[in-house]
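Below: my_file-v4.cif (mmCIF, C-alpha atoms; chains and numbers go by the auth columns)
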data_start
loop_
_atom_site.group_PDB
_atom_site.id
_atom_site.type_symbol
_atom_site.label_atom_id
_atom_site.label_comp_id
_atom_site.label_asym_id
_atom_site.label_seq_id
_atom_site.Cartn_x
_atom_site.Cartn_y
_atom_site.Cartn_z
_atom_site.B_iso_or_equiv
_atom_site.auth_seq_id
_atom_site.auth_asym_id
ATOM 1 C CA MET A 1 13.200 13.266 -6.140 0.00 29 A
ATOM 2 C CA LYS A 2 15.777 12.081 -3.569 0.00 30 A
ATOM 3 C CA GLU A 3 15.139 14.971 -1.171 0.00 31 A
ATOM 4 C CA ILE A 4 11.363 14.498 -1.368 0.00 32 A
ATOM 5 C CA ILE A 5 11.626 10.757 -0.728 0.00 33 A
ATOM 6 C CA ASP A 6 13.961 11.458 2.202 0.00 34 A
ATOM 7 C CA GLN A 7 11.186 13.593 3.744 0.00 35 A
ATOM 8 C CA ALA A 8 8.587 10.854 3.228 0.00 36 A
ATOM 9 C CA VAL A 9 10.874 8.163 4.682 0.00 37 A
ATOM 10 C CA ALA A 10 11.632 10.306 7.748 0.00 38 A
ATOM 11 C CA THR A 11 7.912 10.919 8.309 0.00 39 A
ATOM 12 C CA VAL A 12 7.017 7.225 8.042 0.00 40 A
ATOM 13 C CA LYS A 13 9.879 6.122 10.286 0.00 41 A
ATOM 14 C CA ALA A 14 8.746 8.686 12.903 0.00 42 A
ATOM 15 C CA GLY A 15 5.281 7.080 12.963 0.00 43 A
ATOM 16 C CA GLY A 16 3.620 9.602 10.670 0.00 44 A
ATOM 17 C CA VAL A 17 1.000 9.230 7.952 0.00 45 A
ATOM 18 C CA ILE A 18 1.810 10.216 4.384 0.00 46 A
ATOM 19 C CA LEU A 19 -0.314 11.037 1.368 0.00 47 A
ATOM 20 C CA TYR A 20 1.275 9.687 -1.816 0.00 48 A
ATOM 21 C CA PRO A 21 0.545 8.583 -5.393 0.00 49 A
ATOM 22 C CA THR A 22 0.539 4.885 -6.234 0.00 50 A
ATOM 23 C CA ASP A 23 0.112 2.835 -9.400 0.00 51 A
ATOM 24 C CA THR A 24 -3.674 2.940 -8.861 0.00 52 A
ATOM 25 C CA VAL A 25 -4.964 5.999 -6.915 0.00 53 A
ATOM 26 C CA TRP A 26 -3.665 8.393 -4.256 0.00 54 A
ATOM 27 C CA GLY A 27 -3.055 6.600 -0.987 0.00 55 A
ATOM 28 C CA LEU A 28 -2.742 7.202 2.719 0.00 56 A
ATOM 29 C CA GLY A 29 0.174 5.281 4.112 0.00 57 A
ATOM 30 C CA CYS A 30 2.296 4.542 7.115 0.00 58 A
ATOM 31 C CA ASP A 31 4.687 1.906 8.418 0.00 59 A
ATOM 32 C CA ALA A 32 2.639 -1.303 8.204 0.00 60 A
ATOM 33 C CA THR A 33 4.561 -2.720 11.191 0.00 61 A
ATOM 34 C CA ASN A 34 3.669 0.180 13.514 0.00 62 A
ATOM 35 C CA PRO A 35 0.291 -0.344 15.271 0.00 63 A
ATOM 36 C CA GLU A 36 -0.003 3.292 16.404 0.00 64 A
ATOM 37 C CA ALA A 37 0.633 4.634 12.904 0.00 65 A
ATOM 38 C CA VAL A 38 -1.894 2.197 11.425 0.00 66 A
ATOM 39 C CA ALA A 39 -4.470 3.356 14.014 0.00 67 A
ATOM 40 C CA LYS A 40 -3.956 6.943 12.766 0.00 68 A
ATOM 41 C CA VAL A 41 -4.795 5.836 9.212 0.00 69 A
ATOM 42 C CA PHE A 42 -8.012 4.167 10.395 0.00 70 A
ATOM 43 C CA ALA A 43 -8.961 7.334 12.310 0.00 71 A
ATOM 44 C CA ILE A 44 -8.275 9.632 9.341 0.00 72 A
ATOM 45 C CA LYS A 45 -10.392 7.452 7.043 0.00 73 A
ATOM 46 C CA ARG A 46 -13.085 6.899 9.713 0.00 74 A
ATOM 47 C CA ARG A 47 -12.814 3.224 8.835 0.00 75 A
ATOM 48 C CA SER A 48 -13.639 0.252 11.018 0.00 76 A
ATOM 49 C CA GLU A 49 -10.557 -1.569 12.260 0.00 77 A
ATOM 50 C CA ALA A 50 -12.424 -4.801 11.514 0.00 78 A
ATOM 51 C CA LYS A 51 -11.439 -4.267 7.851 0.00 79 A
ATOM 52 C CA SER A 52 -7.815 -5.108 7.063 0.00 80 A
ATOM 53 C CA LEU A 53 -5.611 -2.887 4.902 0.00 81 A
ATOM 54 C CA VAL A 54 -3.560 -3.549 1.781 0.00 82 A
ATOM 55 C CA ILE A 55 0.160 -2.961 2.060 0.00 83 A
ATOM 56 C CA LEU A 56 2.800 -2.239 -0.553 0.00 84 A
ATOM 57 C CA ALA A 57 6.190 -3.927 -0.811 0.00 85 A
ATOM 58 C CA ALA A 58 9.176 -3.064 -3.005 0.00 86 A
ATOM 59 C CA ASP A 59 9.663 -6.631 -4.251 0.00 87 A
ATOM 60 C CA LEU A 60 9.127 -10.320 -3.452 0.00 88 A
ATOM 61 C CA ASP A 61 12.095 -10.279 -1.064 0.00 89 A
ATOM 62 C CA MET A 62 10.257 -7.728 1.072 0.00 90 A
ATOM 63 C CA VAL A 63 7.032 -9.739 0.794 0.00 91 A
ATOM 64 C CA ALA A 64 8.885 -12.813 2.073 0.00 92 A
ATOM 65 C CA ARG A 65 9.847 -10.989 5.279 0.00 93 A
ATOM 66 C CA TYR A 66 6.185 -10.549 6.263 0.00 94 A
ATOM 67 C CA ILE A 67 4.554 -13.856 5.377 0.00 95 A
ATOM 68 C CA ARG A 68 5.507 -17.365 6.424 0.00 96 A
ATOM 69 C CA GLN A 69 5.619 -18.878 2.931 0.00 97 A
ATOM 70 C CA ILE A 70 5.088 -17.479 -0.562 0.00 98 A
ATOM 71 C CA PRO A 71 2.822 -19.773 -2.595 0.00 99 A
ATOM 72 C CA SER A 72 4.771 -20.767 -5.702 0.00 100 A
ATOM 73 C CA ILE A 73 2.111 -19.444 -8.065 0.00 101 A
ATOM 74 C CA ALA A 74 2.590 -15.962 -6.579 0.00 102 A
ATOM 75 C CA ILE A 75 6.042 -15.705 -8.122 0.00 103 A
ATOM 76 C CA ASP A 76 4.642 -16.427 -11.590 0.00 104 A
ATOM 77 C CA LEU A 77 1.759 -13.979 -11.106 0.00 105 A
ATOM 78 C CA VAL A 78 4.076 -11.168 -10.034 0.00 106 A
ATOM 79 C CA GLU A 79 6.441 -11.780 -12.957 0.00 107 A
ATOM 80 C CA VAL A 80 3.822 -11.929 -15.733 0.00 108 A
ATOM 81 C CA ASN A 81 1.169 -9.479 -14.604 0.00 109 A
ATOM 82 C CA ASP A 82 1.286 -6.055 -16.226 0.00 110 A
ATOM 83 C CA ALA A 83 -1.605 -4.450 -14.308 0.00 111 A
ATOM 84 C CA PRO A 84 -1.766 -3.469 -10.634 0.00 112 A
ATOM 85 C CA MET A 85 -2.428 -6.660 -8.660 0.00 113 A
ATOM 86 C CA THR A 86 -2.871 -7.249 -4.950 0.00 114 A
ATOM 87 C CA ILE A 87 -2.165 -10.774 -3.793 0.00 115 A
ATOM 88 C CA VAL A 88 -3.710 -11.937 -0.540 0.00 116 A
ATOM 89 C CA TYR A 89 -1.138 -14.199 1.097 0.00 117 A
ATOM 90 C CA PRO A 90 -1.769 -16.616 3.983 0.00 118 A
ATOM 91 C CA GLY A 91 0.335 -16.505 7.131 0.00 119 A
ATOM 92 C CA ALA A 92 1.105 -12.836 7.746 0.00 120 A
ATOM 93 C CA GLU A 93 3.732 -12.090 10.379 0.00 121 A
ATOM 94 C CA GLY A 94 5.620 -9.090 11.726 0.00 122 A
ATOM 95 C CA LEU A 95 2.882 -6.622 10.759 0.00 123 A
ATOM 96 C CA ALA A 96 0.610 -4.418 12.844 0.00 124 A
ATOM 97 C CA PRO A 97 -2.341 -6.615 13.929 0.00 125 A
ATOM 98 C CA SER A 98 -4.964 -4.361 12.300 0.00 126 A
ATOM 99 C CA VAL A 99 -3.295 -4.794 8.880 0.00 127 A
ATOM 100 C CA VAL A 100 -3.865 -8.546 9.051 0.00 128 A
ATOM 101 C CA ALA A 101 -7.279 -10.101 8.234 0.00 129 A
ATOM 102 C CA GLU A 102 -9.084 -12.349 10.721 0.00 130 A
ATOM 103 C CA ASP A 103 -7.870 -15.465 8.878 0.00 131 A
ATOM 104 C CA GLY A 104 -4.224 -14.362 9.234 0.00 132 A
ATOM 105 C CA SER A 105 -3.859 -13.277 5.620 0.00 133 A
ATOM 106 C CA VAL A 106 -2.599 -9.972 4.242 0.00 134 A
ATOM 107 C CA GLY A 107 -3.049 -8.246 0.898 0.00 135 A
ATOM 108 C CA ILE A 108 0.242 -7.070 -0.638 0.00 136 A
ATOM 109 C CA ARG A 109 0.906 -5.249 -3.905 0.00 137 A
ATOM 110 C CA ILE A 110 4.246 -4.572 -5.561 0.00 138 A
ATOM 111 C CA PRO A 111 3.644 -1.271 -7.360 0.00 139 A
ATOM 112 C CA ARG A 112 5.053 -0.382 -10.752 0.00 140 A
ATOM 113 C CA HIS A 113 5.083 3.346 -10.176 0.00 141 A
ATOM 114 C CA GLU A 114 8.424 5.162 -10.158 0.00 142 A
ATOM 115 C CA PHE A 115 7.858 7.400 -7.123 0.00 143 A
ATOM 116 C CA CYS A 116 6.081 4.744 -5.090 0.00 144 A
ATOM 117 C CA HIS A 117 8.619 2.036 -5.862 0.00 145 A
ATOM 118 C CA GLU A 118 11.573 4.269 -4.992 0.00 146 A
ATOM 119 C CA LEU A 119 9.864 5.250 -1.729 0.00 147 A
ATOM 120 C CA LEU A 120 9.451 1.583 -0.778 0.00 148 A
ATOM 121 C CA ARG A 121 12.986 0.697 -1.788 0.00 149 A
ATOM 122 C CA ARG A 122 14.432 3.469 0.373 0.00 150 A
ATOM 123 C CA LEU A 123 12.011 2.927 3.270 0.00 151 A
ATOM 124 C CA ARG A 124 12.835 -0.789 3.486 0.00 152 A
ATOM 125 C CA LEU A 125 9.509 -1.370 5.252 0.00 153 A
ATOM 126 C CA PRO A 126 6.054 -2.325 3.976 0.00 154 A
ATOM 127 C CA LEU A 127 3.773 0.665 3.550 0.00 155 A
ATOM 128 C CA VAL A 128 0.038 0.758 4.242 0.00 156 A
ATOM 129 C CA SER A 129 -1.805 1.652 1.053 0.00 157 A
ATOM 130 C CA THR A 130 -5.412 2.655 1.409 0.00 158 A
ATOM 131 C CA SER A 131 -7.224 5.143 -0.786 0.00 159 A
ATOM 132 C CA ALA A 132 -6.955 8.753 0.401 0.00 160 A
ATOM 133 C CA ASN A 133 -10.623 9.245 1.148 0.00 161 A
ATOM 134 C CA VAL A 134 -13.113 8.928 3.960 0.00 162 A
ATOM 135 C CA SER A 135 -14.341 5.333 4.068 0.00 163 A
ATOM 136 C CA GLY A 136 -17.249 4.825 1.684 0.00 164 A
ATOM 137 C CA GLU A 137 -16.461 7.879 -0.448 0.00 165 A
ATOM 138 C CA PRO A 138 -14.991 7.704 -4.000 0.00 166 A
ATOM 139 C CA SER A 139 -11.268 6.958 -4.318 0.00 167 A
ATOM 140 C CA PRO A 140 -9.180 9.973 -5.428 0.00 168 A
ATOM 141 C CA VAL A 141 -7.756 9.422 -8.901 0.00 169 A
ATOM 142 C CA THR A 142 -5.842 12.714 -8.908 0.00 170 A
ATOM 143 C CA PHE A 143 -4.603 15.002 -6.157 0.00 171 A
ATOM 144 C CA ARG A 144 -7.436 17.470 -6.784 0.00 172 A
ATOM 145 C CA ASP A 145 -9.926 14.685 -5.899 0.00 173 A
ATOM 146 C CA ILE A 146 -8.563 14.297 -2.347 0.00 174 A
ATOM 147 C CA PRO A 147 -10.819 15.808 0.328 0.00 175 A
ATOM 148 C CA ARG A 148 -9.263 18.741 2.232 0.00 176 A
ATOM 149 C CA GLU A 149 -9.797 16.947 5.578 0.00 177 A
ATOM 150 C CA ILE A 150 -7.601 14.059 4.368 0.00 178 A
ATOM 151 C CA ILE A 151 -4.859 16.418 3.156 0.00 179 A
ATOM 152 C CA ASP A 152 -4.916 18.322 6.448 0.00 180 A
ATOM 153 C CA ALA A 153 -4.770 15.106 8.513 0.00 181 A
ATOM 154 C CA ALA A 154 -1.662 13.726 6.775 0.00 182 A
ATOM 155 C CA ASP A 155 1.737 14.470 8.283 0.00 183 A
ATOM 156 C CA TRP A 156 3.386 14.712 4.854 0.00 184 A
ATOM 157 C CA CYS A 157 2.098 15.003 1.300 0.00 185 A
ATOM 158 C CA ALA A 158 3.892 14.121 -1.943 0.00 186 A
ATOM 159 C CA PRO A 159 3.959 16.814 -4.611 0.00 187 A
ATOM 160 C CA ARG A 160 1.229 16.208 -7.154 0.00 188 A
ATOM 161 C CA LYS A 161 3.770 16.133 -9.996 0.00 189 A
ATOM 162 C CA PHE A 162 4.526 12.509 -9.051 0.00 190 A
ATOM 163 C CA GLU A 163 0.996 11.237 -9.715 0.00 191 A
ATOM 164 C CA ALA A 164 1.701 10.484 -13.388 0.00 192 A
ATOM 165 C CA GLY A 165 1.468 6.785 -14.195 0.00 193 A
ATOM 166 C CA ALA A 166 -1.475 5.903 -11.968 0.00 194 A
ATOM 167 C CA THR A 167 -4.264 3.869 -13.558 0.00 195 A
ATOM 168 C CA GLY A 168 -7.043 5.547 -11.571 0.00 196 A
ATOM 169 C CA LYS A 169 -8.596 2.128 -10.999 0.00 197 A
ATOM 170 C CA PRO A 170 -8.365 -0.227 -8.035 0.00 198 A
ATOM 171 C CA SER A 171 -6.028 -3.187 -8.372 0.00 199 A
ATOM 172 C CA GLN A 172 -7.204 -6.673 -9.117 0.00 200 A
ATOM 173 C CA ILE A 173 -7.210 -8.846 -5.993 0.00 201 A
ATOM 174 C CA ILE A 174 -6.265 -12.525 -5.992 0.00 202 A
ATOM 175 C CA LYS A 175 -6.224 -14.682 -2.860 0.00 203 A
ATOM 176 C CA LEU A 176 -3.760 -17.577 -2.828 0.00 204 A
ATOM 177 C CA GLY A 177 -3.448 -20.654 -0.653 0.00 205 A
ATOM 178 C CA LEU A 178 -0.432 -22.831 0.047 0.00 206 A
ATOM 179 C CA ARG A 179 -1.952 -25.855 -1.747 0.00 207 A
ATOM 180 C CA GLY A 180 -2.463 -24.074 -5.070 0.00 208 A
ATOM 181 C CA GLU A 181 -5.842 -22.482 -4.259 0.00 209 A
ATOM 182 C CA VAL A 182 -6.604 -19.373 -6.292 0.00 210 A
ATOM 183 C CA GLN A 183 -9.606 -17.153 -5.636 0.00 211 A
ATOM 184 C CA ILE A 184 -10.248 -14.041 -7.730 0.00 212 A
ATOM 185 C CA ILE A 185 -11.758 -11.454 -5.400 0.00 213 A
ATOM 186 C CA ARG A 186 -11.739 -8.521 -7.820 0.00 214 A
ATOM 187 C CA ALA A 187 -10.836 -8.823 -11.505 0.00 215 A
#

Write out the structure in this file as structure tokens.
Amino acid sequence: MKEIIDQAVATVKAGGVILYPTDTVWGLGCDATNPEAVAKVFAIKRRSEAKSLVILAADLDMVARYIRQIPSIAIDLVEVNDAPMTIVYPGAEGLAPSVVAEDGSVGIRIPRHEFCHELLRRLRLPLVSTSANVSGEPSPVTFRDIPREIIDAADWCAPRKFEAGATGKPSQIIKLGLRGEVQIIRA
């Protein structure tokens, strides 16, 4: 797996777009701090840049580098949750502008998927994570569900053998505020 992750890391650090399995579905990803790379993801998906993107982080330490303050409840949620969960944090910073929502928030998930987690740990950067489909089309649960145009547009693609462990369902989404506000966006 080391050699394969080295290839993915090199592609992302060079500004490329990768196709990779996550804890939910197959994703298109890039360096979430690189505006040009993020623009490529929007173009591949034919998605409006008015919609922000979810990013993945290896752990809460990485999350803390890209938001001003972690709401205290987020720590508890990350520790006790056993299903894929995206937390929308206020006060994003250091990310490509099109990853951040109009209100300055950003959705971040810490995946529990061996390949994905190791990729993030070695990359040491947040990774865009958007489903590997054209906007509005069904999300690809397995590699065989990914449209050929998406595969051809990616600069690097993970071997399908690493898709084991994905739920095939989108993550739950919870938006947090700094004064204890909790809003469930998707259960």

Hey, what comes out of the PyMOL selection byres ((chain A and resi 188) around 10) on this file? Could you write it as a PyMOL selection string?
chain A and resi 48-49+54+170-172+185-187+189-192

Those same residues - C-alpha atoms - I'd like them written as a PDB file, in the coordinates of the input.
ATOM      1  CA  TYR A  48       1.275   9.687  -1.816  1.00  0.00           C
ATOM      2  CA  PRO A  49       0.545   8.583  -5.393  1.00  0.00           C
ATOM      3  CA  TRP A  54      -3.665   8.393  -4.256  1.00  0.00           C
ATOM      4  CA  THR A 170      -5.842  12.714  -8.908  1.00  0.00           C
ATOM      5  CA  PHE A 171      -4.603  15.002  -6.157  1.00  0.00           C
ATOM      6  CA  ARG A 172      -7.436  17.470  -6.784  1.00  0.00           C
ATOM      7  CA  CYS A 185       2.098  15.003   1.300  1.00  0.00           C
ATOM      8  CA  ALA A 186       3.892  14.121  -1.943  1.00  0.00           C
ATOM      9  CA  PRO A 187       3.959  16.814  -4.611  1.00  0.00           C
ATOM     10  CA  LYS A 189       3.770  16.133  -9.996  1.00  0.00           C
ATOM     11  CA  PHE A 190       4.526  12.509  -9.051  1.00  0.00           C
ATOM     12  CA  GLU A 191       0.996  11.237  -9.715  1.00  0.00           C
ATOM     13  CA  ALA A 192       1.701  10.484 -13.388  1.00  0.00           C
TER      14      ALA A 192
END

Choose the residue, out of A:Pro139, A:Pro63, A:Pro112, A:Pro168, that has the smallest atom-to-atom separation from Ile202 in chain A; count all atoms listed in the file.
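Once distances to Ile202 in chain A are computed over all atoms listed in the file, the minimum belongs to A:Pro112.
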
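Residues matched by the PyMOL selection byres ((chain A and resi 98-102) around 9) in this file: A:Leu88, A:Val91, A:Ala92, A:Ile95, A:Arg96, A:Gln97, A:Ile103, A:Asp104, A:Leu105, A:Val106, A:Glu107, A:Ile115, A:Tyr117, A:Pro118, A:Leu204, A:Gly205, A:Leu206, A:Arg207, A:Gly208, A:Val210.
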
Once the PyMOL selection byres ((chain A and resi 39) around 12) is applied to the coordinates I shared, what remains selected? I want it as a compact mmCIF listing (two decimals) with C-alpha atoms, in the coordinates of the input.
# COMPACT_ATOMS: atom_id res chain seq x y z
CA ILE A 32 11.36 14.50 -1.37
CA ILE A 33 11.63 10.76 -0.73
CA ASP A 34 13.96 11.46 2.20
CA GLN A 35 11.19 13.59 3.74
CA ALA A 36 8.59 10.85 3.23
CA VAL A 37 10.87 8.16 4.68
CA ALA A 38 11.63 10.31 7.75
CA VAL A 40 7.02 7.22 8.04
CA LYS A 41 9.88 6.12 10.29
CA ALA A 42 8.75 8.69 12.90
CA GLY A 43 5.28 7.08 12.96
CA GLY A 44 3.62 9.60 10.67
CA VAL A 45 1.00 9.23 7.95
CA ILE A 46 1.81 10.22 4.38
CA LEU A 47 -0.31 11.04 1.37
CA GLY A 57 0.17 5.28 4.11
CA CYS A 58 2.30 4.54 7.12
CA ASP A 59 4.69 1.91 8.42
CA ALA A 65 0.63 4.63 12.90
CA LEU A 147 9.86 5.25 -1.73
CA LEU A 151 12.01 2.93 3.27
CA ALA A 182 -1.66 13.73 6.78
CA ASP A 183 1.74 14.47 8.28
CA TRP A 184 3.39 14.71 4.85
CA CYS A 185 2.10 15.00 1.30
CA ALA A 186 3.89 14.12 -1.94

A:Val127, A:Ala67, A:Ile136, A:Met113 ranked by distance to Arg93 in chain A, top pick (using only C-alpha atoms):
A:Ile136

So what do you get for CA of Ala85 in chain A versus CA of Val116 in chain A, distance-wise?
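About the pair CA of Ala85 in chain A and CA of Val116 in chain A: they are 12.7 Å apart.
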
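For the atom pair formed by CA of Leu123 in chain A and CA of Leu155 in chain A, the distance is 10.3 Å, given to one decimal.
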
Just checking: using all atoms listed in the file, which residue out of A:Ile179, A:Met90, A:Ile174, A:Ala78 ends up closest to Glu130 in chain A?
A:Ala78

Among listed residues A:Val66, A:Ala160, A:Cys144, A:Ala181, nearest Leu84 in chain A (using all atoms listed in the file)
A:Cys144

Would you work out the distance separating CA of Pro175 in chain A from CA of Lys30 in chain A, expressed in Å to one decimal?
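Computing it gives 27.1 Å between the two atoms.
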
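Of the residues listed (A:Ala71, A:Val53, A:Met29, A:Leu153), A:Ala71 shows the shortest atom-to-atom separation from Glu177 in chain A; distances use only C-alpha atoms.
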
Could range 105-115 of chain A be completed with all heavy atoms and written as a CSV table (one decimal), in the coordinates of the input, please?
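Writing the result to out-v5.csv gives the following:
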chain,number,residue,atom,x,y,z
A,105,LEU,N,2.7,-15.1,-10.9
A,105,LEU,CA,1.8,-14.0,-11.1
A,105,LEU,C,2.5,-12.6,-11.1
A,105,LEU,O,2.2,-11.7,-11.9
A,105,LEU,CB,0.7,-14.0,-10.0
A,105,LEU,CG,-0.4,-15.1,-10.1
A,105,LEU,CD1,-1.2,-15.2,-8.9
A,105,LEU,CD2,-1.2,-14.9,-11.4
A,106,VAL,N,3.4,-12.4,-10.1
A,106,VAL,CA,4.1,-11.2,-10.0
A,106,VAL,C,4.9,-10.9,-11.3
A,106,VAL,O,5.0,-9.8,-11.8
A,106,VAL,CB,4.9,-11.1,-8.8
A,106,VAL,CG1,5.9,-10.0,-8.8
A,106,VAL,CG2,4.1,-11.1,-7.5
A,107,GLU,N,5.6,-11.9,-11.8
A,107,GLU,CA,6.4,-11.8,-13.0
A,107,GLU,C,5.7,-11.5,-14.3
A,107,GLU,O,6.2,-10.7,-15.1
A,107,GLU,CB,7.3,-13.0,-13.1
A,107,GLU,CG,8.4,-13.1,-12.1
A,107,GLU,CD,9.2,-14.4,-12.2
A,107,GLU,OE1,9.0,-15.2,-13.1
A,107,GLU,OE2,10.2,-14.5,-11.4
A,108,VAL,N,4.5,-12.1,-14.5
A,108,VAL,CA,3.8,-11.9,-15.7
A,108,VAL,C,2.7,-10.9,-15.8
A,108,VAL,O,2.4,-10.4,-16.8
A,108,VAL,CB,3.2,-13.3,-16.2
A,108,VAL,CG1,4.3,-14.3,-16.4
A,108,VAL,CG2,2.1,-13.7,-15.3
A,109,ASN,N,2.3,-10.4,-14.6
A,109,ASN,CA,1.2,-9.5,-14.6
A,109,ASN,C,1.7,-8.1,-15.0
A,109,ASN,O,2.7,-7.6,-14.4
A,109,ASN,CB,0.5,-9.5,-13.2
A,109,ASN,CG,-0.9,-8.8,-13.3
A,109,ASN,OD1,-1.4,-8.7,-14.4
A,109,ASN,ND2,-1.4,-8.5,-12.1
A,110,ASP,N,0.9,-7.4,-15.8
A,110,ASP,CA,1.3,-6.1,-16.2
A,110,ASP,C,0.3,-5.0,-15.7
A,110,ASP,O,0.4,-3.8,-16.1
A,110,ASP,CB,1.5,-6.0,-17.7
A,110,ASP,CG,0.2,-6.3,-18.5
A,110,ASP,OD1,-0.8,-6.7,-17.9
A,110,ASP,OD2,0.2,-6.2,-19.7
A,111,ALA,N,-0.6,-5.4,-14.9
A,111,ALA,CA,-1.6,-4.4,-14.3
A,111,ALA,C,-1.5,-4.5,-12.8
A,111,ALA,O,-1.0,-5.5,-12.2
A,111,ALA,CB,-3.0,-4.8,-14.7
A,112,PRO,N,-1.9,-3.4,-12.1
A,112,PRO,CA,-1.8,-3.5,-10.6
A,112,PRO,C,-2.5,-4.7,-10.1
A,112,PRO,O,-3.7,-4.9,-10.4
A,112,PRO,CB,-2.4,-2.2,-10.2
A,112,PRO,CG,-2.2,-1.2,-11.4
A,112,PRO,CD,-2.3,-2.1,-12.6
A,113,MET,N,-1.8,-5.4,-9.2
A,113,MET,CA,-2.4,-6.7,-8.7
A,113,MET,C,-2.1,-6.8,-7.2
A,113,MET,O,-0.9,-6.7,-6.8
A,113,MET,CB,-1.9,-7.9,-9.4
A,113,MET,CG,-2.4,-9.2,-8.9
A,113,MET,SD,-1.7,-10.6,-9.8
A,113,MET,CE,0.0,-10.3,-9.7
A,114,THR,N,-3.1,-7.0,-6.4
A,114,THR,CA,-2.9,-7.2,-5.0
A,114,THR,C,-3.0,-8.7,-4.8
A,114,THR,O,-4.1,-9.3,-5.2
A,114,THR,CB,-3.9,-6.5,-4.1
A,114,THR,OG1,-3.7,-5.1,-4.3
A,114,THR,CG2,-3.7,-6.8,-2.6
A,115,ILE,N,-2.1,-9.4,-4.1
A,115,ILE,CA,-2.2,-10.8,-3.8
A,115,ILE,C,-2.4,-10.9,-2.3
A,115,ILE,O,-1.7,-10.3,-1.5
A,115,ILE,CB,-0.9,-11.5,-4.2
A,115,ILE,CG1,-0.7,-11.5,-5.7
A,115,ILE,CG2,-1.0,-13.0,-3.7
A,115,ILE,CD1,0.6,-12.1,-6.2
